[in-house]
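J.: Contents of model-v4.txt (compact mmCIF, C-alpha atoms and all ligand atoms):
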# COMPACT_ATOMS: atom_id res chain seq x y z
CA MET A 1 -68.95 9.89 12.32
CA ASP A 2 -71.86 9.12 14.66
CA LYS A 3 -70.90 9.50 18.38
CA ASP A 4 -72.51 6.25 19.64
CA LEU A 5 -70.83 4.32 16.88
CA ASN A 6 -67.42 5.69 17.92
CA GLU A 7 -68.15 4.82 21.56
CA HIS A 8 -68.91 1.27 20.51
CA LYS A 9 -65.67 1.01 18.56
CA LYS A 10 -63.29 2.31 21.22
CA HIS A 11 -61.35 -0.96 21.28
CA LEU A 12 -60.77 -0.93 17.50
CA LYS A 13 -57.97 1.17 16.06
CA GLY A 14 -59.17 3.47 13.31
CA LYS A 15 -57.63 3.67 9.86
CA THR A 16 -57.63 6.35 7.18
CA PRO A 17 -59.02 5.57 3.70
CA GLY A 18 -55.46 5.78 2.39
CA GLN A 19 -54.33 2.91 4.63
CA SER A 20 -56.62 0.41 2.90
CA GLU A 21 -56.60 1.84 -0.62
CA ILE A 22 -56.15 -0.71 -3.41
CA GLU A 23 -54.90 -0.28 -6.95
CA MET A 24 -55.37 -3.36 -9.12
CA THR A 25 -54.31 -3.66 -12.75
CA GLN A 26 -55.66 -6.15 -15.30
CA LEU A 27 -54.86 -6.74 -18.96
CA VAL A 28 -57.91 -7.28 -21.19
CA LEU A 29 -57.35 -10.63 -22.87
CA PRO A 30 -59.46 -12.33 -25.61
CA ASN A 31 -61.37 -14.42 -23.04
CA ASP A 32 -62.52 -11.21 -21.30
CA THR A 33 -64.17 -9.72 -24.42
CA ASN A 34 -67.24 -10.05 -26.61
CA ILE A 35 -67.05 -10.72 -30.35
CA LEU A 36 -66.45 -7.00 -31.01
CA GLY A 37 -63.34 -7.06 -28.84
CA ASN A 38 -64.90 -5.04 -26.01
CA LEU A 39 -64.50 -5.98 -22.35
CA LEU A 40 -67.49 -7.98 -21.05
CA GLY A 41 -69.55 -6.18 -18.40
CA GLY A 42 -69.65 -9.29 -16.21
CA GLN A 43 -65.86 -9.57 -16.21
CA LEU A 44 -65.52 -5.92 -15.22
CA MET A 45 -68.04 -6.37 -12.40
CA HIS A 46 -66.00 -9.32 -11.15
CA TRP A 47 -62.82 -7.20 -11.02
CA ILE A 48 -64.70 -4.34 -9.33
CA ASP A 49 -65.99 -6.75 -6.68
CA ILE A 50 -62.47 -8.14 -6.06
CA ALA A 51 -60.80 -4.70 -5.83
CA GLY A 52 -63.53 -3.45 -3.47
CA ALA A 53 -63.37 -6.58 -1.30
CA LEU A 54 -59.58 -6.24 -0.99
CA ALA A 55 -59.90 -2.65 0.29
CA ALA A 56 -62.68 -3.65 2.74
CA SER A 57 -60.65 -6.64 3.96
CA ARG A 58 -57.57 -4.49 4.39
CA HIS A 59 -59.57 -1.99 6.48
CA SER A 60 -61.28 -4.62 8.64
CA ASN A 61 -58.68 -7.42 8.60
CA LYS A 62 -61.65 -9.75 8.04
CA VAL A 63 -63.20 -11.83 5.33
CA VAL A 64 -65.95 -9.72 3.76
CA ALA A 65 -69.20 -10.46 1.92
CA THR A 66 -70.71 -8.20 -0.74
CA VAL A 67 -74.21 -7.08 0.29
CA ALA A 68 -74.99 -4.35 -2.24
CA LEU A 69 -73.66 -3.10 -5.55
CA ASP A 70 -75.15 0.17 -6.76
CA SER A 71 -76.00 0.65 -10.39
CA LEU A 72 -72.99 0.61 -12.66
CA ASP A 73 -72.80 2.83 -15.74
CA PHE A 74 -70.69 1.76 -18.67
CA ARG A 75 -69.45 5.11 -20.01
CA HIS A 76 -66.87 3.95 -22.55
CA PRO A 77 -66.06 0.54 -24.00
CA VAL A 78 -62.74 -0.96 -22.91
CA ARG A 79 -60.89 -2.66 -25.77
CA LEU A 80 -58.94 -5.90 -26.06
CA GLY A 81 -55.27 -5.28 -25.18
CA GLU A 82 -55.99 -2.26 -22.96
CA MET A 83 -55.03 -2.06 -19.30
CA VAL A 84 -57.79 -1.74 -16.74
CA ILE A 85 -56.82 0.04 -13.53
CA LEU A 86 -59.18 -0.24 -10.57
CA LYS A 87 -58.79 2.12 -7.62
CA ALA A 88 -60.76 1.08 -4.54
CA ARG A 89 -61.12 3.29 -1.47
CA LEU A 90 -63.24 3.22 1.70
CA THR A 91 -65.81 6.04 1.77
CA TRP A 92 -67.86 5.15 4.86
CA VAL A 93 -68.06 2.58 7.64
CA GLY A 94 -70.95 1.56 9.87
CA ARG A 95 -70.90 -1.00 12.68
CA THR A 96 -70.18 -4.06 10.52
CA SER A 97 -70.57 -2.69 7.01
CA MET A 98 -68.31 -0.58 4.80
CA GLU A 99 -68.88 1.30 1.56
CA VAL A 100 -66.08 1.25 -1.00
CA SER A 101 -65.86 3.35 -4.15
CA VAL A 102 -64.17 1.74 -7.14
CA ASP A 103 -63.01 3.96 -9.99
CA VAL A 104 -62.15 2.14 -13.19
CA TYR A 105 -59.72 3.53 -15.75
CA ALA A 106 -58.78 2.14 -19.16
CA GLU A 107 -55.25 2.81 -20.35
CA ASN A 108 -54.20 2.38 -23.94
CA MET A 109 -50.59 1.23 -23.85
CA LYS A 110 -49.76 2.47 -27.37
CA THR A 111 -51.02 6.03 -26.87
CA GLY A 112 -50.62 6.28 -23.09
CA ASN A 113 -54.20 7.66 -22.98
CA THR A 114 -56.14 6.96 -19.78
CA ILE A 115 -59.88 7.51 -19.33
CA LEU A 116 -62.28 7.00 -16.44
CA THR A 117 -64.72 4.38 -17.76
CA ASN A 118 -66.75 3.39 -14.69
CA LYS A 119 -67.45 4.28 -11.09
CA ALA A 120 -69.09 1.91 -8.63
CA PHE A 121 -70.07 1.93 -4.96
CA ILE A 122 -70.17 -1.42 -3.20
CA THR A 123 -71.14 -2.30 0.35
CA PHE A 124 -69.35 -5.11 2.18
CA VAL A 125 -69.98 -6.69 5.57
CA ALA A 126 -67.08 -7.98 7.70
CA LEU A 127 -67.59 -11.55 8.86
CA ASP A 128 -66.18 -13.40 11.87
CA ASP A 129 -65.01 -17.01 11.80
CA ASP A 130 -68.64 -18.20 12.09
CA GLY A 131 -69.69 -16.11 9.08
CA LYS A 132 -71.55 -13.61 11.30
CA PRO A 133 -71.31 -9.81 10.84
CA THR A 134 -68.58 -8.39 13.08
CA GLU A 135 -67.48 -4.85 14.01
CA VAL A 136 -65.10 -2.91 11.81
CA PRO A 137 -62.58 -0.22 12.82
CA PRO A 138 -63.65 3.44 12.57
CA LEU A 139 -62.71 5.39 9.47
CA ILE A 140 -60.41 8.33 10.22
CA LEU A 141 -61.25 11.23 7.92
CA GLU A 142 -58.38 13.63 7.41
CA THR A 143 -59.37 15.85 4.49
CA GLU A 144 -62.37 17.99 3.51
CA GLU A 145 -62.79 15.79 0.45
CA GLU A 146 -62.97 12.64 2.62
CA ARG A 147 -65.62 14.29 4.83
CA ARG A 148 -67.64 15.31 1.75
CA VAL A 149 -67.45 11.79 0.30
CA TYR A 150 -68.50 10.35 3.69
CA LYS A 151 -71.63 12.55 3.82
CA GLU A 152 -72.63 11.48 0.30
CA ALA A 153 -72.11 7.83 1.30
CA GLU A 154 -74.48 8.29 4.26
CA LYS A 155 -77.23 9.38 1.85
CA ARG A 156 -76.62 6.37 -0.39
CA ARG A 157 -76.80 4.08 2.66
CA GLU A 158 -80.19 5.51 3.67
CA TYR A 159 -81.47 4.92 0.15
CA ARG A 160 -80.15 1.32 0.13
CA LEU A 161 -81.68 0.47 3.47
CA LYS A 162 -85.06 1.84 2.30
CA ARG A 163 -84.73 -0.25 -0.87
CA ARG A 164 -83.88 -3.31 1.25
CA GLU A 165 -86.98 -2.74 3.44
CA LYS A 166 -89.23 -2.54 0.40
CA GLU A 167 -87.83 -5.77 -1.02
C1 LIG B 201 -73.62 -10.65 4.93
C2 LIG B 201 -74.76 -11.26 5.74
C3 LIG B 201 -74.23 -12.43 6.56
C4 LIG B 201 -75.27 -10.17 6.69
O1 LIG B 201 -76.39 -10.67 7.34
P1 LIG B 201 -77.63 -9.71 7.67
O2 LIG B 201 -78.66 -10.51 8.31
O3 LIG B 201 -77.96 -8.89 6.46
O4 LIG B 201 -76.95 -8.80 8.78
P2 LIG B 201 -77.44 -7.42 9.30
O5 LIG B 201 -78.87 -7.15 8.99
O6 LIG B 201 -76.95 -7.34 10.72
O7 LIG B 201 -76.59 -6.40 8.42
C5 LIG B 201 -75.20 -6.27 8.59
C6 LIG B 201 -74.78 -4.92 8.06
O8 LIG B 201 -74.99 -4.89 6.65
C7 LIG B 201 -75.80 -3.79 6.29
N1 LIG B 201 -76.57 -4.19 5.13
C8 LIG B 201 -77.20 -5.35 4.93
N2 LIG B 201 -77.81 -5.34 3.72
C9 LIG B 201 -77.52 -4.16 3.16
C10 LIG B 201 -77.83 -3.54 1.92
N3 LIG B 201 -78.60 -4.14 1.01
N4 LIG B 201 -77.34 -2.31 1.66
C11 LIG B 201 -76.57 -1.66 2.57
N5 LIG B 201 -76.24 -2.20 3.77
C12 LIG B 201 -76.72 -3.42 4.06
C13 LIG B 201 -76.64 -3.52 7.53
O9 LIG B 201 -77.14 -2.20 7.54
C14 LIG B 201 -75.60 -3.75 8.60
O10 LIG B 201 -74.73 -2.63 8.64
P3 LIG B 201 -74.10 -2.01 10.01
O11 LIG B 201 -73.69 -3.16 10.90
O12 LIG B 201 -72.91 -1.25 9.53
O13 LIG B 201 -75.15 -1.15 10.61
C15 LIG B 201 -75.95 -11.73 4.83
O14 LIG B 201 -76.62 -10.59 4.33
C16 LIG B 201 -75.47 -12.57 3.69
O15 LIG B 201 -75.00 -13.69 3.86
N6 LIG B 201 -75.64 -12.06 2.46
C17 LIG B 201 -75.16 -12.70 1.27
C18 LIG B 201 -73.74 -12.24 0.97
C19 LIG B 201 -73.21 -12.88 -0.28
O16 LIG B 201 -73.41 -14.05 -0.54
N7 LIG B 201 -72.53 -12.06 -1.09
C20 LIG B 201 -71.99 -12.48 -2.35
C21 LIG B 201 -70.71 -13.24 -2.22
S1 LIG B 201 -69.48 -12.46 -1.21
Is it possible to give me this structure as structure tokens?
Ligand SMILES: CC(C)(COP(=O)(O)OP(=O)(O)OC[C@H]1O[C@@H](n2cnc3c(N)ncnc32)[C@H](O)[C@@H]1OP(=O)(O)O)[C@@H](O)C(=O)NCCC(=O)NCCS
T.:
Amino acid sequence: MDKDLNEHKKHLKGKTPGQSEIEMTQLVLPNDTNILGNLLGGQLMHWIDIAGALAASRHSNKVVATVALDSLDFRHPVRLGEMVILKARLTWVGRTSMEVSVDVYAENMKTGNTILTNKAFITFVALDDDGKPTEVPPLILETEEERRVYKEAEKRREYRLKRREKE
């Protein structure tokens, strides 16, 4: 992590990605599906947003606002009656913002089969009691995999900020 950023955050106790990890399970009910019995994309995006926000709130101990959701691919349909498991984990933190990855799995209860159906990256900003962006604790990276994921997140952030400038 950037040296100046760490200097700035000296008073905040860092946390590992594992300390704020969230696993959320949902059952796909008729109201969540289209007329073919497949999970609605909007409903899935809602669950992804909630799982991601819970991880970001757990890391920052703050209310968080979603500022960016990267493109979301729908790789496999999720069927009525299946379980949806969402695993949310911090990948990167800035001064007030945090990136969270959310992996979505569908589990068929009859066969026990589980497949990865979606992967999303969402950026949240921690807000103080006045709704203003506020500092978040540093992210403590313990494994090679966490350091690799962090570097990839930095590239995505650069891309997002460029996109934001253009808009
Ligand atoms: C969250 C909000 C208060 C932040 O205000 P802002 O003027 O954008 O604040 P800043 O420019 O200081 O940005 C705050 C942080 O967000 C980051 N950020 C803002 N927009 C971003 C984007 N599109 N992609 C990635 N990061 C972004 C900034 O880089 C900064 O990060 P850092 O502190 O880690 O360096 C404001 O953007 C907002 O209200 N947005 C709407 C949120 C919302 O309604 N979400 C849906 C419901 S939760």
J.: Counting only C-alpha atoms and all ligand atoms, which protein, DNA or RNA residues come within 7 Å of ligand LIG 201 (chain B), given as a list in words?
T.: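 Counting only what the definition allows, namely only C-alpha atoms and all ligand atoms, the set is Val64, Ala65, Thr66, Val67, Ala68, Val93, Gly94, Arg95, Thr96, Ser97, Met98, Thr123, Val125, Gly131, Lys132, Pro133, Arg157, Arg160, Leu161 and Arg164 of chain A.
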J.: For Val84 (chain A), which residue out of A:Glu142, A:Glu135, A:Glu158, A:Glu107 is the nearest one, using all atoms listed in the file?
T.: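 For Val84 (chain A), the nearest of the candidates is A:Glu107.
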J.: One decimal, in Å: what's the spacing between CA of Leu72 (chain A) and CA of Lys151 (chain A)?
T.: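 Between CA of Leu72 (chain A) and CA of Lys151 (chain A) the gap works out to 20.4 Å.
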J.: Take CA of Asn108 (chain A) and CA of Glu23 (chain A) and report the distance between them in Å, one decimal.
T.: 17.2 Å
J.: Using all atoms listed in the file, what does the table of region 69-127 of chain A residues within 7 Å of region 40-58 of chain A look like, with each row giving the shortest atom pair and its distance in Å to one decimal, sorted by chain and ascending number, as a Markdown table?
T.:
| residue | atom | partner | partner_atom | distance |
| --- | --- | --- | --- | --- |
| A:Leu86 | CA | A:Ala51 | CA | 6.7 |
| A:Ala88 | CA | A:Gly52 | CA | 5.4 |
| A:Arg89 | CA | A:Ala55 | CA | 6.3 |
| A:Leu90 | CA | A:Ala55 | CA | 6.9 |
| A:Met98 | CA | A:Ala56 | CA | 6.7 |
| A:Val100 | CA | A:Gly52 | CA | 5.9 |
| A:Val102 | CA | A:Gly52 | CA | 6.4 |
| A:Ile122 | CA | A:Gly52 | CA | 6.9 |
| A:Phe124 | CA | A:Ala56 | CA | 6.9 |
J.: Kindly give the distance, in Å, that separates CA of Val136 (chain A) and CA of Gln19 (chain A), rounded to a single decimal.
T.: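 Separation of CA of Val136 (chain A) and CA of Gln19 (chain A): 14.2 Å.
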J.: Please identify all polymer residues within 7 Å of Lys62 (chain A), counting only C-alpha atoms, omitting same-chain residues fewer than 4 positions from it, and present them as a PyMOL selection string.
T.: chain A and resi 57+126-128
J.: Can you pull out every residue within 12 Å of Thr143 (chain A), counting all atoms listed in the file, but drop anything in the same chain fewer than 6 positions away, and send it as a VMD selection string?
T.: chain A and resid 16 to 18 149 to 150
J.: Identify, on the basis of all atoms listed in the file, every residue whose closest approach to Thr117 (chain A) does not exceed 8 Å; exclude the query and any residue fewer than 3 positions from it along the same chain; express the result as a list in words.
T.: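 Once the adjacent positions are removed, what remains is Phe74, Arg75, His76, Pro77, Val78, Asp103, Val104, Tyr105 and Ala106 of chain A.
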J.: Write out as a tab-separated table (two decimals) with C-alpha atoms, keeping the file's coordinate frame each polymer residue whose atoms come within 8 Å of Lys15 (chain A), counting only C-alpha atoms; drop sequence neighbours fewer than 5 positions from it.
T.:
chain	number	residue	atom	x	y	z
A	20	SER	CA	-56.62	0.41	2.90
A	59	HIS	CA	-59.57	-1.99	6.48
A	137	PRO	CA	-62.58	-0.22	12.82
A	138	PRO	CA	-63.65	3.44	12.57
A	139	LEU	CA	-62.71	5.39	9.47
A	140	ILE	CA	-60.41	8.33	10.22
J.: Taking only C-alpha atoms into account, name the residue in A:Arg148, A:Leu12, A:Val63, A:Met83 that is nearest to Val28 (chain A).
T.: A:Met83
J.: Residues near Asp73 (chain A), anyone? I mean within 9 Å using all atoms listed in the file, not counting same-chain ones fewer than 6 positions away, as a list in words.
T.: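 With the cut-off at 9 Å, the set is Thr117, Asn118, Lys119 and Ala120 of chain A.
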J.: Output as lines of an AutoDock Vina configuration file the centre and edge lengths (Å, one decimal) of the box along x, y and z of the file that holds every listed atom of region 139-149 of chain A after adding 4 Å on each side.
T.:
center_x = -63.0
center_y = 11.7
center_z = 5.3
size_x = 17.3
size_y = 20.6
size_z = 17.9
J.: Got a moment to write region 16-159 of chain A out with C-alpha atoms, as a PDB file, in the first residue's frame?
T.:
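As a result, result19.pdb now contains:
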ATOM      1  CA  THR A  16      -7.167  -8.199   6.968  1.00  0.00           C
ATOM      2  CA  PRO A  17      -9.631  -9.031   4.157  1.00  0.00           C
ATOM      3  CA  GLY A  18     -10.636 -12.108   6.155  1.00  0.00           C
ATOM      4  CA  GLN A  19     -11.800  -9.979   9.093  1.00  0.00           C
ATOM      5  CA  SER A  20     -14.555  -8.327   7.044  1.00  0.00           C
ATOM      6  CA  GLU A  21     -15.419 -11.186   4.688  1.00  0.00           C
ATOM      7  CA  ILE A  22     -19.136 -11.818   4.205  1.00  0.00           C
ATOM      8  CA  GLU A  23     -20.975 -14.926   3.084  1.00  0.00           C
ATOM      9  CA  MET A  24     -24.652 -14.355   2.376  1.00  0.00           C
ATOM     10  CA  THR A  25     -27.113 -17.023   1.263  1.00  0.00           C
ATOM     11  CA  GLN A  26     -30.431 -16.447  -0.518  1.00  0.00           C
ATOM     12  CA  LEU A  27     -33.108 -18.823  -1.759  1.00  0.00           C
ATOM     13  CA  VAL A  28     -34.465 -18.012  -5.240  1.00  0.00           C
ATOM     14  CA  LEU A  29     -38.210 -17.637  -4.790  1.00  0.00           C
ATOM     15  CA  PRO A  30     -40.909 -17.114  -7.494  1.00  0.00           C
ATOM     16  CA  ASN A  31     -40.900 -13.324  -6.957  1.00  0.00           C
ATOM     17  CA  ASP A  32     -37.168 -13.229  -7.794  1.00  0.00           C
ATOM     18  CA  THR A  33     -37.558 -14.849 -11.241  1.00  0.00           C
ATOM     19  CA  ASN A  34     -38.718 -14.110 -14.766  1.00  0.00           C
ATOM     20  CA  ILE A  35     -41.436 -16.128 -16.513  1.00  0.00           C
ATOM     21  CA  LEU A  36     -38.873 -18.805 -17.463  1.00  0.00           C
ATOM     22  CA  GLY A  37     -38.039 -19.381 -13.804  1.00  0.00           C
ATOM     23  CA  ASN A  38     -34.592 -17.774 -14.014  1.00  0.00           C
ATOM     24  CA  LEU A  39     -33.296 -15.335 -11.395  1.00  0.00           C
ATOM     25  CA  LEU A  40     -33.823 -11.695 -12.442  1.00  0.00           C
ATOM     26  CA  GLY A  41     -30.592  -9.775 -13.082  1.00  0.00           C
ATOM     27  CA  GLY A  42     -31.839  -6.790 -11.065  1.00  0.00           C
ATOM     28  CA  GLN A  43     -32.514  -8.972  -8.024  1.00  0.00           C
ATOM     29  CA  LEU A  44     -29.033 -10.468  -8.234  1.00  0.00           C
ATOM     30  CA  MET A  45     -27.481  -6.995  -8.501  1.00  0.00           C
ATOM     31  CA  HIS A  46     -29.395  -5.984  -5.378  1.00  0.00           C
ATOM     32  CA  TRP A  47     -27.980  -8.950  -3.422  1.00  0.00           C
ATOM     33  CA  ILE A  48     -24.465  -8.255  -4.754  1.00  0.00           C
ATOM     34  CA  ASP A  49     -24.749  -4.639  -3.603  1.00  0.00           C
ATOM     35  CA  ILE A  50     -25.935  -5.705  -0.120  1.00  0.00           C
ATOM     36  CA  ALA A  51     -23.211  -8.361   0.348  1.00  0.00           C
ATOM     37  CA  GLY A  52     -20.522  -5.913  -0.824  1.00  0.00           C
ATOM     38  CA  ALA A  53     -21.829  -3.110   1.395  1.00  0.00           C
ATOM     39  CA  LEU A  54     -21.823  -5.421   4.433  1.00  0.00           C
ATOM     40  CA  ALA A  55     -18.142  -6.299   3.883  1.00  0.00           C
ATOM     41  CA  ALA A  56     -17.213  -2.620   3.358  1.00  0.00           C
ATOM     42  CA  SER A  57     -19.178  -1.588   6.469  1.00  0.00           C
ATOM     43  CA  ARG A  58     -17.553  -4.332   8.505  1.00  0.00           C
ATOM     44  CA  HIS A  59     -14.096  -3.137   7.407  1.00  0.00           C
ATOM     45  CA  SER A  60     -14.774   0.562   8.017  1.00  0.00           C
ATOM     46  CA  ASN A  61     -17.379   0.384  10.813  1.00  0.00           C
ATOM     47  CA  LYS A  62     -19.227   3.070   8.835  1.00  0.00           C
ATOM     48  CA  VAL A  63     -22.291   3.469   6.702  1.00  0.00           C
ATOM     49  CA  VAL A  64     -21.152   3.126   3.085  1.00  0.00           C
ATOM     50  CA  ALA A  65     -22.430   4.394  -0.271  1.00  0.00           C
ATOM     51  CA  THR A  66     -21.949   2.570  -3.571  1.00  0.00           C
ATOM     52  CA  VAL A  67     -20.035   4.753  -6.049  1.00  0.00           C
ATOM     53  CA  ALA A  68     -19.182   2.305  -8.830  1.00  0.00           C
ATOM     54  CA  LEU A  69     -20.229  -1.131  -9.992  1.00  0.00           C
ATOM     55  CA  ASP A  70     -18.097  -2.629 -12.747  1.00  0.00           C
ATOM     56  CA  SER A  71     -19.698  -4.529 -15.577  1.00  0.00           C
ATOM     57  CA  LEU A  72     -21.389  -7.716 -14.476  1.00  0.00           C
ATOM     58  CA  ASP A  73     -21.380 -10.822 -16.668  1.00  0.00           C
ATOM     59  CA  PHE A  74     -24.182 -13.320 -16.357  1.00  0.00           C
ATOM     60  CA  ARG A  75     -22.385 -16.603 -17.076  1.00  0.00           C
ATOM     61  CA  HIS A  76     -25.087 -19.115 -16.149  1.00  0.00           C
ATOM     62  CA  PRO A  77     -28.787 -18.724 -15.369  1.00  0.00           C
ATOM     63  CA  VAL A  78     -29.768 -19.333 -11.747  1.00  0.00           C
ATOM     64  CA  ARG A  79     -32.999 -21.305 -11.414  1.00  0.00           C
ATOM     65  CA  LEU A  80     -36.022 -21.006  -9.142  1.00  0.00           C
ATOM     66  CA  GLY A  81     -35.448 -23.053  -5.963  1.00  0.00           C
ATOM     67  CA  GLU A  82     -31.643 -22.836  -6.134  1.00  0.00           C
ATOM     68  CA  MET A  83     -29.495 -21.332  -3.402  1.00  0.00           C
ATOM     69  CA  VAL A  84     -27.434 -18.266  -4.221  1.00  0.00           C
ATOM     70  CA  ILE A  85     -24.266 -17.865  -2.175  1.00  0.00           C
ATOM     71  CA  LEU A  86     -22.517 -14.496  -2.286  1.00  0.00           C
ATOM     72  CA  LYS A  87     -18.947 -14.178  -1.004  1.00  0.00           C
ATOM     73  CA  ALA A  88     -17.790 -10.591  -0.532  1.00  0.00           C
ATOM     74  CA  ARG A  89     -14.193  -9.670   0.284  1.00  0.00           C
ATOM     75  CA  LEU A  90     -12.183  -6.436   0.409  1.00  0.00           C
ATOM     76  CA  THR A  91      -9.554  -6.268  -2.348  1.00  0.00           C
ATOM     77  CA  TRP A  92      -8.260  -2.695  -1.981  1.00  0.00           C
ATOM     78  CA  VAL A  93      -8.715   0.413   0.143  1.00  0.00           C
ATOM     79  CA  GLY A  94      -7.920   4.049  -0.588  1.00  0.00           C
ATOM     80  CA  ARG A  95      -8.385   7.018   1.736  1.00  0.00           C
ATOM     81  CA  THR A  96     -12.184   6.859   1.958  1.00  0.00           C
ATOM     82  CA  SER A  97     -13.046   4.285  -0.688  1.00  0.00           C
ATOM     83  CA  MET A  98     -12.876   0.493  -0.751  1.00  0.00           C
ATOM     84  CA  GLU A  99     -13.148  -2.065  -3.534  1.00  0.00           C
ATOM     85  CA  VAL A 100     -14.993  -5.294  -2.760  1.00  0.00           C
ATOM     86  CA  SER A 101     -15.130  -8.398  -4.937  1.00  0.00           C
ATOM     87  CA  VAL A 102     -18.341 -10.393  -4.830  1.00  0.00           C
ATOM     88  CA  ASP A 103     -18.322 -13.960  -6.141  1.00  0.00           C
ATOM     89  CA  VAL A 104     -21.737 -15.462  -6.739  1.00  0.00           C
ATOM     90  CA  TYR A 105     -22.369 -19.212  -6.658  1.00  0.00           C
ATOM     91  CA  ALA A 106     -25.566 -21.115  -7.436  1.00  0.00           C
ATOM     92  CA  GLU A 107     -26.130 -24.331  -5.531  1.00  0.00           C
ATOM     93  CA  ASN A 108     -28.660 -26.911  -6.592  1.00  0.00           C
ATOM     94  CA  MET A 109     -29.963 -28.472  -3.400  1.00  0.00           C
ATOM     95  CA  LYS A 110     -31.085 -31.729  -5.062  1.00  0.00           C
ATOM     96  CA  THR A 111     -27.760 -32.491  -6.770  1.00  0.00           C
ATOM     97  CA  GLY A 112     -25.442 -30.601  -4.416  1.00  0.00           C
ATOM     98  CA  ASN A 113     -23.835 -29.046  -7.540  1.00  0.00           C
ATOM     99  CA  THR A 114     -22.329 -25.584  -7.075  1.00  0.00           C
ATOM    100  CA  ILE A 115     -21.188 -23.300  -9.899  1.00  0.00           C
ATOM    101  CA  LEU A 116     -19.652 -19.830 -10.017  1.00  0.00           C
ATOM    102  CA  THR A 117     -22.240 -17.784 -11.922  1.00  0.00           C
ATOM    103  CA  ASN A 118     -21.041 -14.192 -11.519  1.00  0.00           C
ATOM    104  CA  LYS A 119     -18.167 -12.059 -10.312  1.00  0.00           C
ATOM    105  CA  ALA A 120     -18.484  -8.360  -9.548  1.00  0.00           C
ATOM    106  CA  PHE A 121     -16.240  -5.570  -8.277  1.00  0.00           C
ATOM    107  CA  ILE A 122     -17.927  -2.728  -6.430  1.00  0.00           C
ATOM    108  CA  THR A 123     -16.497   0.445  -4.958  1.00  0.00           C
ATOM    109  CA  PHE A 124     -17.929   1.890  -1.754  1.00  0.00           C
ATOM    110  CA  VAL A 125     -17.191   5.123   0.093  1.00  0.00           C
ATOM    111  CA  ALA A 126     -17.353   5.283   3.910  1.00  0.00           C
ATOM    112  CA  LEU A 127     -19.517   8.134   5.163  1.00  0.00           C
ATOM    113  CA  ASP A 128     -19.455  10.018   8.464  1.00  0.00           C
ATOM    114  CA  ASP A 129     -22.560  11.113  10.355  1.00  0.00           C
ATOM    115  CA  ASP A 130     -22.920  14.125   8.016  1.00  0.00           C
ATOM    116  CA  GLY A 131     -22.837  11.896   4.928  1.00  0.00           C
ATOM    117  CA  LYS A 132     -19.317  13.081   4.008  1.00  0.00           C
ATOM    118  CA  PRO A 133     -16.531  10.702   2.877  1.00  0.00           C
ATOM    119  CA  THR A 134     -14.415   9.632   5.856  1.00  0.00           C
ATOM    120  CA  GLU A 135     -11.143   7.692   6.237  1.00  0.00           C
ATOM    121  CA  VAL A 136     -11.123   3.924   6.319  1.00  0.00           C
ATOM    122  CA  PRO A 137      -8.660   1.596   8.100  1.00  0.00           C
ATOM    123  CA  PRO A 138      -5.709   0.218   6.096  1.00  0.00           C
ATOM    124  CA  LEU A 139      -6.021  -3.218   4.552  1.00  0.00           C
ATOM    125  CA  ILE A 140      -3.483  -5.696   5.935  1.00  0.00           C
ATOM    126  CA  LEU A 141      -2.359  -8.047   3.176  1.00  0.00           C
ATOM    127  CA  GLU A 142      -1.042 -11.346   4.466  1.00  0.00           C
ATOM    128  CA  THR A 143      -0.808 -13.632   1.434  1.00  0.00           C
ATOM    129  CA  GLU A 144       0.721 -13.482  -2.059  1.00  0.00           C
ATOM    130  CA  GLU A 145      -2.773 -13.926  -3.467  1.00  0.00           C
ATOM    131  CA  GLU A 146      -4.055 -10.897  -1.518  1.00  0.00           C
ATOM    132  CA  ARG A 147      -1.133  -8.795  -2.816  1.00  0.00           C
ATOM    133  CA  ARG A 148      -1.833  -9.924  -6.397  1.00  0.00           C
ATOM    134  CA  VAL A 149      -5.547  -9.096  -6.064  1.00  0.00           C
ATOM    135  CA  TYR A 150      -4.644  -5.683  -4.588  1.00  0.00           C
ATOM    136  CA  LYS A 151      -2.411  -4.819  -7.588  1.00  0.00           C
ATOM    137  CA  GLU A 152      -5.183  -5.759 -10.023  1.00  0.00           C
ATOM    138  CA  ALA A 153      -7.627  -3.606  -8.034  1.00  0.00           C
ATOM    139  CA  GLU A 154      -5.271  -0.614  -8.366  1.00  0.00           C
ATOM    140  CA  LYS A 155      -5.444  -0.932 -12.162  1.00  0.00           C
ATOM    141  CA  ARG A 156      -9.243  -1.097 -12.085  1.00  0.00           C
ATOM    142  CA  ARG A 157      -9.330   2.015  -9.887  1.00  0.00           C
ATOM    143  CA  GLU A 158      -7.181   3.969 -12.372  1.00  0.00           C
ATOM    144  CA  TYR A 159      -9.537   2.948 -15.162  1.00  0.00           C
TER     145      TYR A 159
END
